[in-house]
>>> print(open('upload_25.txt').read())   # compact mmCIF, C-alpha atoms and all ligand atoms
# COMPACT_ATOMS: atom_id res chain seq x y z
CA ARG N 1 146.91 47.89 -7.07
CA ALA N 2 145.60 51.18 -5.71
CA TYR N 3 147.77 54.28 -5.57
CA ASN N 4 147.86 54.00 -1.79
CA PHE N 5 148.66 57.22 0.11
CA ASN N 6 147.17 56.11 3.43
CA ALA N 7 148.67 57.64 6.58
CA GLY N 8 148.71 54.33 8.45
CA PRO N 9 148.35 51.46 8.31
CA ALA N 10 149.99 52.19 5.00
CA ALA N 11 151.14 50.62 1.75
CA LEU N 12 153.43 47.58 1.84
CA PRO N 13 155.67 46.59 -1.08
CA LEU N 14 154.02 44.16 -3.46
CA GLU N 15 157.09 41.88 -3.25
CA VAL N 16 156.70 41.64 0.54
CA LEU N 17 153.02 40.75 0.29
CA GLN N 18 153.75 38.17 -2.38
CA GLN N 19 156.45 36.51 -0.31
CA ALA N 20 154.13 36.43 2.71
CA GLN N 21 151.43 34.92 0.49
CA GLN N 22 153.80 32.24 -0.73
CA GLU N 23 154.90 31.32 2.80
CA PHE N 24 151.50 31.80 4.40
CA ILE N 25 150.37 28.19 4.70
CA ASP N 26 153.71 26.45 4.98
CA TYR N 27 156.59 28.46 6.41
CA ALA N 28 160.01 27.03 5.49
CA GLY N 29 158.74 23.45 5.19
CA THR N 30 157.35 23.34 8.74
CA GLY N 31 153.83 22.49 7.56
CA MET N 32 152.58 25.49 9.55
CA SER N 33 151.91 29.16 9.08
CA ILE N 34 154.01 31.53 11.21
CA MET N 35 150.69 32.35 12.88
CA GLU N 36 150.23 28.75 14.02
CA MET N 37 153.68 28.32 15.45
CA SER N 38 154.84 28.42 19.07
CA HIS N 39 156.71 31.60 19.85
CA ARG N 40 159.04 29.38 21.89
CA SER N 41 160.00 27.35 18.82
CA SER N 42 163.46 27.68 17.35
CA VAL N 43 161.91 28.62 14.00
CA PHE N 44 160.09 31.63 15.45
CA GLU N 45 163.10 32.58 17.56
CA GLY N 46 165.02 32.70 14.29
CA VAL N 47 162.42 35.04 12.81
CA ASN N 48 162.51 37.28 15.93
CA ASP N 49 166.32 37.37 16.12
CA GLY N 50 166.62 37.79 12.35
CA ALA N 51 164.36 40.87 12.32
CA GLN N 52 166.30 42.39 15.22
CA ALA N 53 169.65 41.73 13.52
CA LEU N 54 168.49 43.27 10.24
CA LEU N 55 167.19 46.35 12.04
CA ARG N 56 170.54 46.71 13.84
CA GLU N 57 172.45 46.38 10.59
CA LEU N 58 170.29 48.72 8.48
CA PHE N 59 169.84 51.45 11.10
CA GLY N 60 173.44 51.24 12.40
CA ILE N 61 172.36 50.56 15.99
CA PRO N 62 175.39 50.52 18.35
CA SER N 63 175.95 47.39 20.45
CA GLN N 64 175.04 49.05 23.75
CA TYR N 65 171.44 49.45 22.56
CA LYS N 66 168.63 46.93 22.98
CA VAL N 67 166.02 46.34 20.28
CA LEU N 68 162.54 45.43 21.53
CA PHE N 69 159.38 44.41 19.70
CA LEU N 70 156.43 45.41 21.89
CA GLN N 71 152.67 45.75 21.64
CA GLY N 72 150.26 48.58 22.41
CA GLY N 73 151.45 50.91 19.66
CA ALA N 74 153.50 54.07 19.98
CA SER N 75 150.62 55.37 22.13
CA THR N 76 151.56 52.94 24.92
CA GLN N 77 155.14 54.25 24.74
CA PHE N 78 153.80 57.75 25.45
CA ALA N 79 152.99 56.40 28.95
CA MET N 80 155.69 53.75 29.38
CA ILE N 81 158.50 56.26 28.82
CA PRO N 82 157.60 58.52 31.77
CA MET N 83 156.61 55.52 33.91
CA ASN N 84 160.08 54.03 33.45
CA LEU N 85 162.33 57.05 32.96
CA LEU N 86 160.79 60.05 34.73
CA THR N 87 162.12 59.97 38.28
CA PRO N 88 160.66 62.15 41.07
CA GLY N 89 162.08 65.68 41.08
CA LYS N 90 162.84 65.51 37.37
CA SER N 91 160.94 66.96 34.45
CA ALA N 92 160.04 65.44 31.08
CA ALA N 93 160.70 68.09 28.41
CA PHE N 94 158.97 68.17 25.02
CA VAL N 95 159.42 69.91 21.72
CA HIS N 96 155.79 70.70 21.01
CA THR N 97 155.57 70.25 17.25
CA GLY N 98 151.96 69.21 16.69
CA SER N 99 149.29 66.60 17.24
CA TRP N 100 151.49 63.64 18.16
CA ALA N 101 153.91 65.60 20.35
CA GLU N 102 150.85 66.89 22.17
CA LYS N 103 149.57 63.37 22.85
CA ALA N 104 152.95 62.23 24.15
CA TYR N 105 153.14 65.33 26.37
CA LYS N 106 149.65 64.81 27.80
CA GLU N 107 150.41 61.22 28.76
CA ALA N 108 153.64 62.24 30.51
CA LYS N 109 151.68 64.90 32.42
CA LEU N 110 149.58 62.12 33.93
CA ILE N 111 152.73 60.55 35.35
CA GLY N 112 154.94 63.43 36.54
CA GLU N 113 156.42 66.87 35.98
CA THR N 114 156.63 68.10 32.37
CA ALA N 115 157.94 71.11 30.50
CA ILE N 116 157.57 72.52 26.99
CA ALA N 117 161.11 73.16 25.72
CA ALA N 118 159.97 74.80 22.46
CA THR N 119 156.71 75.10 20.56
CA SER N 120 155.37 76.18 17.18
CA GLU N 121 151.77 76.31 18.38
CA ALA N 122 151.47 80.04 17.55
CA ASP N 123 152.10 79.08 13.91
CA LYS N 124 149.53 76.27 14.03
CA PHE N 125 152.41 73.80 14.02
CA ASN N 126 153.30 74.51 10.39
CA ARG N 127 157.02 74.32 11.23
CA ILE N 128 159.54 72.61 13.49
CA PRO N 129 160.87 75.13 16.06
CA ALA N 130 164.47 76.27 15.51
CA LEU N 131 166.86 74.03 17.41
CA SER N 132 168.41 77.18 18.95
CA ASP N 133 165.01 77.99 20.53
CA ILE N 134 164.95 74.79 22.58
CA ARG N 135 165.25 75.55 26.32
CA LEU N 136 165.76 72.58 28.59
CA PRO N 137 164.74 72.90 32.25
CA ASP N 138 167.62 72.41 34.74
CA ASN N 139 165.99 69.24 36.06
CA ALA N 140 165.26 67.65 32.67
CA ALA N 141 165.08 63.85 32.79
CA TYR N 142 164.91 63.74 29.02
CA LEU N 143 163.87 65.69 25.93
CA HIS N 144 161.18 64.08 23.78
CA ILE N 145 160.83 64.96 20.11
CA THR N 146 158.46 63.76 17.40
CA SER N 147 160.81 63.45 14.45
CA ASN N 148 157.98 63.59 11.91
CA GLU N 149 154.54 65.04 12.62
CA THR N 150 152.28 62.78 10.59
CA ILE N 151 149.23 65.03 10.67
CA GLU N 152 150.83 68.44 10.00
CA GLY N 153 153.44 67.09 7.58
CA THR N 154 156.54 68.54 9.25
CA GLN N 155 159.85 66.80 9.96
CA PHE N 156 163.03 67.63 11.86
CA ALA N 157 165.80 68.31 9.33
CA ALA N 158 168.43 67.90 12.09
CA TYR N 159 168.19 66.75 15.69
CA PRO N 160 169.02 68.83 18.77
CA ASP N 161 172.21 68.29 20.78
CA THR N 162 171.11 67.67 24.34
CA GLY N 163 174.48 67.02 25.98
CA ASP N 164 174.02 64.83 29.05
CA VAL N 165 170.23 64.96 28.81
CA THR N 166 168.69 61.87 27.19
CA LEU N 167 167.10 62.52 23.82
CA ILE N 168 164.03 60.40 23.01
CA GLY N 169 162.54 60.28 19.52
CA ASP N 170 159.10 59.17 18.39
CA MET N 171 159.95 58.06 14.85
CA SER N 172 156.62 56.35 14.18
CA SER N 173 156.20 58.03 10.84
CA ASP N 174 159.77 58.26 9.56
CA ILE N 175 161.81 55.39 10.97
CA LEU N 176 164.20 53.94 8.39
CA SER N 177 163.22 56.55 5.80
CA ARG N 178 166.65 58.20 6.19
CA PRO N 179 169.89 57.52 8.06
CA VAL N 180 169.95 58.57 11.71
CA ASP N 181 172.83 58.83 14.16
CA VAL N 182 171.21 56.49 16.69
CA GLY N 183 173.97 57.28 19.20
CA LYS N 184 172.49 60.78 19.65
CA PHE N 185 169.39 59.24 21.18
CA GLY N 186 168.80 57.42 24.44
CA MET N 187 165.71 55.90 22.93
CA ILE N 188 163.88 55.73 19.60
CA TYR N 189 160.46 54.18 19.20
CA ALA N 190 157.97 53.66 16.40
CA GLY N 191 154.78 51.83 15.56
CA ALA N 192 155.68 49.64 12.58
CA GLN N 193 152.59 50.30 10.49
CA LYS N 194 153.86 53.16 8.32
CA ASN N 195 157.44 52.51 7.26
CA LEU N 196 158.25 49.07 8.59
CA GLY N 197 155.35 46.71 8.18
CA PRO N 198 151.87 46.08 9.49
CA SER N 199 150.26 47.31 12.69
CA GLY N 200 150.56 45.24 15.85
CA VAL N 201 154.22 45.66 16.70
CA THR N 202 156.08 48.65 18.13
CA ILE N 203 159.82 48.99 17.75
CA VAL N 204 161.83 50.27 20.72
CA ILE N 205 165.56 50.96 20.44
CA VAL N 206 166.97 51.91 23.81
CA ARG N 207 170.39 52.37 25.39
CA GLU N 208 170.83 49.56 27.90
CA ASP N 209 171.84 51.72 30.87
CA LEU N 210 168.40 53.38 30.74
CA VAL N 211 166.51 50.13 31.13
CA GLU N 212 168.62 48.07 33.52
CA SER N 213 166.03 48.35 36.26
CA SER N 214 162.57 49.87 36.03
CA PRO N 215 160.82 51.24 39.15
CA LYS N 216 159.76 48.25 41.25
CA SER N 217 156.16 49.47 41.56
CA LEU N 218 155.46 49.15 37.82
CA PRO N 219 153.31 46.30 36.46
CA THR N 220 155.36 43.60 34.73
CA MET N 221 154.21 44.30 31.16
CA LEU N 222 154.87 48.04 31.45
CA ARG N 223 158.50 47.64 32.53
CA TYR N 224 161.24 47.82 29.92
CA ASP N 225 163.45 45.52 31.99
CA THR N 226 160.87 42.71 31.61
CA HIS N 227 161.12 42.85 27.82
CA VAL N 228 164.89 43.32 27.78
CA LYS N 229 165.44 40.26 29.99
CA ASN N 230 163.14 38.15 27.82
CA ASN N 231 164.27 39.26 24.34
CA SER N 232 160.73 40.57 23.67
CA LEU N 233 159.31 37.10 24.35
CA TYR N 234 158.01 37.56 27.91
CA ASN N 235 154.48 36.89 26.72
CA THR N 236 152.98 35.88 23.36
CA PRO N 237 154.39 38.34 20.82
CA PRO N 238 152.60 39.65 17.70
CA SER N 239 154.42 36.94 15.78
CA PHE N 240 152.98 37.49 12.32
CA SER N 241 153.67 41.24 12.52
CA VAL N 242 157.27 40.62 13.62
CA TYR N 243 157.70 38.23 10.68
CA LEU N 244 156.39 40.87 8.24
CA VAL N 245 158.71 43.51 9.72
CA GLY N 246 161.56 41.10 8.96
CA LEU N 247 160.41 40.82 5.33
CA MET N 248 160.08 44.60 5.06
CA LEU N 249 163.60 45.08 6.46
CA GLN N 250 164.97 42.61 3.93
CA TRP N 251 163.16 44.58 1.19
CA ILE N 252 164.84 47.81 2.39
CA LYS N 253 168.20 46.02 2.39
CA ASP N 254 167.60 44.72 -1.14
CA LYS N 255 166.81 48.29 -2.25
CA GLY N 256 170.26 49.41 -1.06
CA GLY N 257 169.60 50.24 2.59
CA VAL N 258 168.51 53.35 4.44
CA ALA N 259 170.62 55.92 2.54
CA ALA N 260 169.16 54.61 -0.73
CA MET N 261 165.69 54.81 0.84
CA GLU N 262 166.26 58.48 1.64
CA GLN N 263 167.26 59.24 -1.95
CA PHE N 264 164.24 57.29 -3.21
CA ASN N 265 161.95 59.20 -0.82
CA ARG N 266 163.48 62.53 -1.88
CA ASP N 267 163.07 61.74 -5.57
CA LYS N 268 159.46 60.67 -5.31
CA THR N 269 158.27 63.44 -2.96
CA LYS N 270 159.97 66.07 -5.15
CA LEU N 271 157.42 65.24 -7.85
CA ILE N 272 154.55 66.19 -5.54
CA TYR N 273 156.22 69.20 -3.90
CA ASP N 274 157.07 70.47 -7.38
CA ALA N 275 153.43 70.05 -8.40
CA ILE N 276 152.51 72.27 -5.43
CA ASP N 277 155.26 74.86 -5.96
CA GLN N 278 154.76 75.15 -9.69
CA SER N 279 150.97 75.49 -9.53
CA GLY N 280 151.07 79.29 -9.25
CA GLY N 281 149.33 79.17 -5.87
CA TYR N 282 146.58 76.76 -6.91
CA TYR N 283 147.96 74.30 -4.35
CA ARG N 284 149.36 75.70 -1.10
CA GLY N 285 151.69 73.60 1.04
CA PHE N 286 150.73 73.62 4.73
CA ALA N 287 154.26 73.19 6.11
CA ASP N 288 156.96 75.83 6.00
CA THR N 289 159.40 74.87 3.24
CA ALA N 290 162.30 74.26 5.65
CA SER N 291 160.17 71.90 7.78
CA ARG N 292 158.61 69.92 4.95
CA SER N 293 158.24 66.20 5.55
CA LEU N 294 159.41 63.50 3.17
CA MET N 295 156.70 61.25 4.57
CA ASN N 296 153.48 63.27 4.75
CA ILE N 297 152.79 66.00 2.22
CA THR N 298 150.05 68.34 3.41
CA PHE N 299 148.44 70.90 1.11
CA ARG N 300 145.31 72.94 0.58
CA LEU N 301 143.27 74.19 -2.35
CA GLY N 302 141.36 77.46 -2.74
CA SER N 303 138.18 76.25 -1.02
CA GLU N 304 136.83 73.32 0.96
CA ALA N 305 134.45 72.57 -1.91
CA LEU N 306 137.40 72.19 -4.30
CA GLU N 307 139.21 70.01 -1.76
CA LYS N 308 136.17 67.73 -1.53
CA GLN N 309 136.01 67.53 -5.30
CA PHE N 310 139.74 66.72 -5.43
CA VAL N 311 139.27 63.83 -3.01
CA LYS N 312 136.25 62.51 -4.91
CA GLU N 313 137.90 62.68 -8.31
CA SER N 314 141.17 61.25 -7.00
CA GLU N 315 139.26 58.22 -5.72
CA GLN N 316 137.70 57.76 -9.13
CA HIS N 317 141.22 57.72 -10.58
CA GLY N 318 142.46 54.98 -8.23
CA PHE N 319 144.04 57.13 -5.48
CA VAL N 320 143.41 56.20 -1.85
CA GLY N 321 143.90 58.10 1.40
CA LEU N 322 144.40 61.69 0.19
CA LYS N 323 141.91 63.37 2.51
CA GLY N 324 143.79 65.40 5.12
CA HIS N 325 143.38 64.81 8.85
CA ARG N 326 140.36 66.67 10.21
CA SER N 327 142.52 68.83 12.52
CA VAL N 328 144.48 70.35 9.60
CA GLY N 329 141.98 69.93 6.76
CA GLY N 330 142.91 69.92 3.09
CA LEU N 331 144.83 67.05 1.53
CA ARG N 332 147.62 64.77 2.70
CA ALA N 333 149.69 62.33 0.68
CA SER N 334 151.65 59.90 2.83
CA THR N 335 154.71 58.73 0.95
CA TYR N 336 156.35 56.17 3.25
CA ASN N 337 159.15 53.82 2.17
CA ALA N 338 156.87 51.35 0.40
CA VAL N 339 154.99 53.93 -1.71
CA PRO N 340 156.21 53.42 -5.30
CA PHE N 341 157.68 56.18 -7.45
CA GLU N 342 154.91 55.47 -9.98
CA SER N 343 152.20 56.36 -7.43
CA CYS N 344 153.83 59.75 -6.79
CA LYS N 345 154.27 60.38 -10.49
CA ALA N 346 150.62 59.55 -11.10
CA LEU N 347 149.56 61.88 -8.27
CA ALA N 348 151.71 64.78 -9.56
CA GLU N 349 150.13 64.33 -13.00
CA PHE N 350 146.64 64.14 -11.57
CA MET N 351 147.29 67.37 -9.60
CA GLY N 352 148.37 69.17 -12.78
CA ASP N 353 145.33 67.88 -14.63
CA PHE N 354 142.91 68.73 -11.87
CA ALA N 355 144.24 72.29 -11.66
CA LYS N 356 143.82 72.72 -15.42
CA ARG N 357 140.26 71.42 -15.38
CA ASN N 358 139.22 73.36 -12.28
CA GLY N 359 141.39 76.48 -12.52
N1 LIG O 1 153.32 58.96 16.87
C1 LIG O 1 153.20 59.32 15.58
C2 LIG O 1 154.16 60.31 15.01
C3 LIG O 1 152.19 58.77 14.80
O1 LIG O 1 152.06 59.12 13.52
C4 LIG O 1 151.31 57.82 15.38
C5 LIG O 1 150.23 57.18 14.60
O2 LIG O 1 149.78 57.65 13.58
C6 LIG O 1 151.47 57.49 16.72
C7 LIG O 1 152.50 58.06 17.43
C8 LIG O 1 150.54 56.53 17.41
O3 LIG O 1 150.87 55.26 17.02
P1 LIG O 1 150.02 53.99 17.42
O4 LIG O 1 148.76 54.05 16.63
O5 LIG O 1 150.92 52.85 17.04
O6 LIG O 1 149.76 54.03 18.88
>>> encode(input="upload_25.txt", output="structure tokens", more="lines below")
Ligand code: PLP
Amino acid sequence: RAYNFNAGPAALPLEVLQQAQQEFIDYAGTGMSIMEMSHRSSVFEGVNDGAQALLRELFGIPSQYKVLFLQGGASTQFAMIPMNLLTPGKSAAFVHTGSWAEKAYKEAKLIGETAIAATSEADKFNRIPALSDIRLPDNAAYLHITSNETIEGTQFAAYPDTGDVTLIGDMSSDILSRPVDVGKFGMIYAGAQKNLGPSGVTIVIVREDLVESSPKSLPTMLRYDTHVKNNSLYNTPPSFSVYLVGLMLQWIKDKGGVAAMEQFNRDKTKLIYDAIDQSGGYYRGFADTASRSLMNITFRLGSEALEKQFVKESEQHGFVGLKGHRSVGGLRASTYNAVPFESCKALAEFMGDFAKRNG
């Protein structure tokens, strides 16, 4: 298997893929693939409820929260959140941390009043703003944060206290990579395709008082109350993706749960950050040390020509997905839950080797 450092869709554990392969044609003796099965069948309802229950258990989701499996990606949530939760006269506040926070902010701007509560734009988004610099407007409906900026490679080390103001977190690129006090948030959402499974399903965890009734003018599919009332089965769900999320959650549980995942992610990313820090400046991390992400490691070399050569040679050595996003340049290694320790070890060794050969 490739040393897969793709930013998303990203690596899945071999064990998960093998189980899916085994069950692909005949799921649990039904004579059908999950893909061929009615989403109204008791078998699929078991898969849907089972994935929800595992997510609740592993992430410690309190009982007053709903878990939804939706479609349209995290990008649809950028719009659905203000459509459902931004009432007239109120303002949607954002911590402006980089590319994905910017996209969420721009969508909210299409719907209503917005405010930037803190930004690191002057530093090219190489850090998460200090929590003490966050200024909420008096009429804040909610504060939106991007817990991990996938492109810049920065991550909140701690979350802001917003008092009575609802905190909303886009955790698309770090959900279930470390324990989170879910009770601090009114809502958490994430596309599944980095840490939790394949693309096609978006996880929404939301406190029930926020979604009891959506504005009556909203189309049915864009209302949270539709999906809450129907247990995410209002229309045909992405059934195979939900099934794979269930397998991925079971894999995380088998590995010891979310706290064990965090330790695993710390151990494996340390190899790569050490390779950067001990290179005598040959590799330069993009993110400020205090804001470094455990999920996306961004770094640069001395010239663009060297960076190109690094990408080319890495591909020849079996590494995939190391080219940085065009807006930041350089290199990026995405080290989500499913990325094995061995892949990170191999990358750290390759980095040392490359530096020696091209120093
Ligand atoms: N938010 C973050 C932090 C992301 O990394 C991404 C995708 O890379 C998105 C949102 C958009 O997700 P989707 O492609 O599911 O719409």
>>> residues_around(input="upload_25.txt", residues="Leu294 in chain N", least_positions_apart="2", cutoff="9 Å", atoms="only C-alpha atoms", output="PDB file with C-alpha atoms, in the frame of the given file")
ATOM      1  CA  ASN N 148     157.980  63.590  11.910  1.00  0.00           C
ATOM      2  CA  GLY N 153     153.440  67.090   7.580  1.00  0.00           C
ATOM      3  CA  THR N 154     156.540  68.540   9.250  1.00  0.00           C
ATOM      4  CA  GLN N 155     159.850  66.800   9.960  1.00  0.00           C
ATOM      5  CA  ASP N 174     159.770  58.260   9.560  1.00  0.00           C
ATOM      6  CA  SER N 177     163.220  56.550   5.800  1.00  0.00           C
ATOM      7  CA  GLU N 262     166.260  58.480   1.640  1.00  0.00           C
ATOM      8  CA  ASN N 265     161.950  59.200  -0.820  1.00  0.00           C
ATOM      9  CA  ARG N 266     163.480  62.530  -1.880  1.00  0.00           C
ATOM     10  CA  LYS N 268     159.460  60.670  -5.310  1.00  0.00           C
ATOM     11  CA  THR N 269     158.270  63.440  -2.960  1.00  0.00           C
ATOM     12  CA  LYS N 270     159.970  66.070  -5.150  1.00  0.00           C
ATOM     13  CA  ARG N 292     158.610  69.920   4.950  1.00  0.00           C
ATOM     14  CA  ASN N 296     153.480  63.270   4.750  1.00  0.00           C
ATOM     15  CA  ILE N 297     152.790  66.000   2.220  1.00  0.00           C
ATOM     16  CA  SER N 334     151.650  59.900   2.830  1.00  0.00           C
ATOM     17  CA  THR N 335     154.710  58.730   0.950  1.00  0.00           C
ATOM     18  CA  TYR N 336     156.350  56.170   3.250  1.00  0.00           C
TER      19      TYR N 336
END
>>> residues_near_ligand(input="upload_25.txt", ligand="ligand LIG 1 (chain O)", cutoff="8 Å", atoms="all atoms listed in the file", output="MDAnalysis selection string")
chainID N and resid 7:8 72:77 100:101 104 146:151 170:173 190:193 199:202
>>> closest_residue(input="upload_25.txt", among="N:Leu86, N:Leu347, N:Ala157, N:Met80", to="Ser293 in chain N", atoms="only C-alpha atoms")
N:Ala157
>>> residues_around(input="upload_25.txt", residues="Ala118 in chain N", least_positions_apart="5", cutoff="10 Å", atoms="only C-alpha atoms", output="ChimeraX atom specification")
/N:93-97,128-136
>>> write_last_selection(input="upload_25.txt", atoms="C-alpha atoms", output="CSV table (one decimal), in the frame of the given file")
chain,number,residue,atom,x,y,z
N,93,ALA,CA,160.7,68.1,28.4
N,94,PHE,CA,159.0,68.2,25.0
N,95,VAL,CA,159.4,69.9,21.7
N,96,HIS,CA,155.8,70.7,21.0
N,97,THR,CA,155.6,70.2,17.2
N,128,ILE,CA,159.5,72.6,13.5
N,129,PRO,CA,160.9,75.1,16.1
N,130,ALA,CA,164.5,76.3,15.5
N,131,LEU,CA,166.9,74.0,17.4
N,132,SER,CA,168.4,77.2,19.0
N,133,ASP,CA,165.0,78.0,20.5
N,134,ILE,CA,165.0,74.8,22.6
N,135,ARG,CA,165.2,75.6,26.3
N,136,LEU,CA,165.8,72.6,28.6
>>> atom_distance(input="upload_25.txt", atom1="CA of Ala140 in chain N", atom2="CA of Glu113 in chain N")
9.5 Å
>>> atom_distance(input="upload_25.txt", atom1="CA of Tyr243 in chain N", atom2="CA of Ile34 in chain N")
7.7 Å
>>> atom_distance(input="upload_25.txt", atom1="CA of Leu233 in chain N", atom2="CA of Glu36 in chain N")
16.1 Å
>>> closest_residue(input="upload_25.txt", among="N:Met32, N:Ile81, N:Ile188, N:Met351", to="Tyr282 in chain N", atoms="only C-alpha atoms")
N:Met351
>>> closest_residue(input="upload_25.txt", among="N:Gln71, N:Phe59, N:Asn84, N:Gln250", to="Thr236 in chain N", atoms="only C-alpha atoms")
N:Gln71
>>> residues_around(input="upload_25.txt", residues="Leu196 in chain N", least_positions_apart="3", cutoff="9 Å", atoms="only C-alpha atoms", output="VMD selection string")
chain N and resid 12 175 to 176 191 to 193 244 to 246 248 to 249 337 to 338
>>> closest_residue(input="upload_25.txt", among="N:Gly183, N:Gly318, N:Gly169, N:Pro219", to="Tyr65 in chain N", atoms="all atoms listed in the file")
N:Gly183
>>> decode(input="upload_25.txt", residues="range 166-189 of chain N", atoms="N, CA and C atoms", output="PDB file, in the first residue's frame")
ATOM      1  N   THR N 166     -23.407  30.794  21.470  1.00  0.00           N
ATOM      2  CA  THR N 166     -23.204  29.449  20.929  1.00  0.00           C
ATOM      3  C   THR N 166     -21.863  29.346  20.201  1.00  0.00           C
ATOM      4  N   LEU N 167     -21.107  28.329  20.533  1.00  0.00           N
ATOM      5  CA  LEU N 167     -19.845  28.078  19.835  1.00  0.00           C
ATOM      6  C   LEU N 167     -20.090  26.980  18.796  1.00  0.00           C
ATOM      7  N   ILE N 168     -19.659  27.233  17.565  1.00  0.00           N
ATOM      8  CA  ILE N 168     -19.832  26.252  16.477  1.00  0.00           C
ATOM      9  C   ILE N 168     -18.454  25.900  15.926  1.00  0.00           C
ATOM     10  N   GLY N 169     -18.179  24.625  15.785  1.00  0.00           N
ATOM     11  CA  GLY N 169     -16.854  24.201  15.323  1.00  0.00           C
ATOM     12  C   GLY N 169     -16.914  23.390  14.040  1.00  0.00           C
ATOM     13  N   ASP N 170     -16.167  23.840  13.031  1.00  0.00           N
ATOM     14  CA  ASP N 170     -15.929  23.021  11.847  1.00  0.00           C
ATOM     15  C   ASP N 170     -14.745  22.115  12.193  1.00  0.00           C
ATOM     16  N   MET N 171     -15.020  20.854  12.437  1.00  0.00           N
ATOM     17  CA  MET N 171     -13.954  19.894  12.779  1.00  0.00           C
ATOM     18  C   MET N 171     -13.705  18.916  11.636  1.00  0.00           C
ATOM     19  N   SER N 172     -13.892  19.404  10.404  1.00  0.00           N
ATOM     20  CA  SER N 172     -13.755  18.519   9.239  1.00  0.00           C
ATOM     21  C   SER N 172     -12.416  17.801   9.202  1.00  0.00           C
ATOM     22  N   SER N 173     -11.360  18.489   9.634  1.00  0.00           N
ATOM     23  CA  SER N 173     -10.061  17.844   9.493  1.00  0.00           C
ATOM     24  C   SER N 173      -9.444  17.411  10.815  1.00  0.00           C
ATOM     25  N   ASP N 174     -10.215  17.456  11.916  1.00  0.00           N
ATOM     26  CA  ASP N 174      -9.630  16.853  13.131  1.00  0.00           C
ATOM     27  C   ASP N 174     -10.637  16.143  14.039  1.00  0.00           C
ATOM     28  N   ILE N 175     -11.842  15.898  13.534  1.00  0.00           N
ATOM     29  CA  ILE N 175     -12.828  15.236  14.389  1.00  0.00           C
ATOM     30  C   ILE N 175     -12.314  13.846  14.810  1.00  0.00           C
ATOM     31  N   LEU N 176     -12.518  13.542  16.070  1.00  0.00           N
ATOM     32  CA  LEU N 176     -12.110  12.260  16.661  1.00  0.00           C
ATOM     33  C   LEU N 176     -10.600  11.973  16.611  1.00  0.00           C
ATOM     34  N   SER N 177      -9.815  13.027  16.437  1.00  0.00           N
ATOM     35  CA  SER N 177      -8.361  12.842  16.486  1.00  0.00           C
ATOM     36  C   SER N 177      -7.849  13.127  17.893  1.00  0.00           C
ATOM     37  N   ARG N 178      -8.735  13.685  18.743  1.00  0.00           N
ATOM     38  CA  ARG N 178      -8.390  13.992  20.133  1.00  0.00           C
ATOM     39  C   ARG N 178      -9.693  14.206  20.890  1.00  0.00           C
ATOM     40  N   PRO N 179      -9.676  14.034  22.204  1.00  0.00           N
ATOM     41  CA  PRO N 179     -10.908  14.241  22.972  1.00  0.00           C
ATOM     42  C   PRO N 179     -11.338  15.710  22.930  1.00  0.00           C
ATOM     43  N   VAL N 180     -12.633  15.934  22.916  1.00  0.00           N
ATOM     44  CA  VAL N 180     -13.184  17.292  22.910  1.00  0.00           C
ATOM     45  C   VAL N 180     -14.313  17.341  23.927  1.00  0.00           C
ATOM     46  N   ASP N 181     -14.395  18.464  24.648  1.00  0.00           N
ATOM     47  CA  ASP N 181     -15.538  18.673  25.539  1.00  0.00           C
ATOM     48  C   ASP N 181     -16.696  19.160  24.668  1.00  0.00           C
ATOM     49  N   VAL N 182     -17.493  18.220  24.185  1.00  0.00           N
ATOM     50  CA  VAL N 182     -18.569  18.545  23.242  1.00  0.00           C
ATOM     51  C   VAL N 182     -19.530  19.566  23.849  1.00  0.00           C
ATOM     52  N   GLY N 183     -19.714  19.492  25.169  1.00  0.00           N
ATOM     53  CA  GLY N 183     -20.639  20.391  25.855  1.00  0.00           C
ATOM     54  C   GLY N 183     -20.289  21.867  25.723  1.00  0.00           C
ATOM     55  N   LYS N 184     -19.069  22.186  25.344  1.00  0.00           N
ATOM     56  CA  LYS N 184     -18.660  23.580  25.109  1.00  0.00           C
ATOM     57  C   LYS N 184     -19.277  24.149  23.839  1.00  0.00           C
ATOM     58  N   PHE N 185     -19.667  23.248  22.963  1.00  0.00           N
ATOM     59  CA  PHE N 185     -20.141  23.646  21.629  1.00  0.00           C
ATOM     60  C   PHE N 185     -21.660  23.531  21.527  1.00  0.00           C
ATOM     61  N   GLY N 186     -22.257  24.436  20.733  1.00  0.00           N
ATOM     62  CA  GLY N 186     -23.652  24.259  20.365  1.00  0.00           C
ATOM     63  C   GLY N 186     -23.749  23.287  19.212  1.00  0.00           C
ATOM     64  N   MET N 187     -22.722  23.346  18.355  1.00  0.00           N
ATOM     65  CA  MET N 187     -22.729  22.485  17.179  1.00  0.00           C
ATOM     66  C   MET N 187     -21.300  22.202  16.720  1.00  0.00           C
ATOM     67  N   ILE N 188     -21.105  20.964  16.273  1.00  0.00           N
ATOM     68  CA  ILE N 188     -19.840  20.532  15.678  1.00  0.00           C
ATOM     69  C   ILE N 188     -20.211  19.847  14.370  1.00  0.00           C
ATOM     70  N   TYR N 189     -19.457  20.138  13.322  1.00  0.00           N
ATOM     71  CA  TYR N 189     -19.744  19.442  12.055  1.00  0.00           C
ATOM     72  C   TYR N 189     -18.449  19.071  11.360  1.00  0.00           C
TER      73      TYR N 189
END
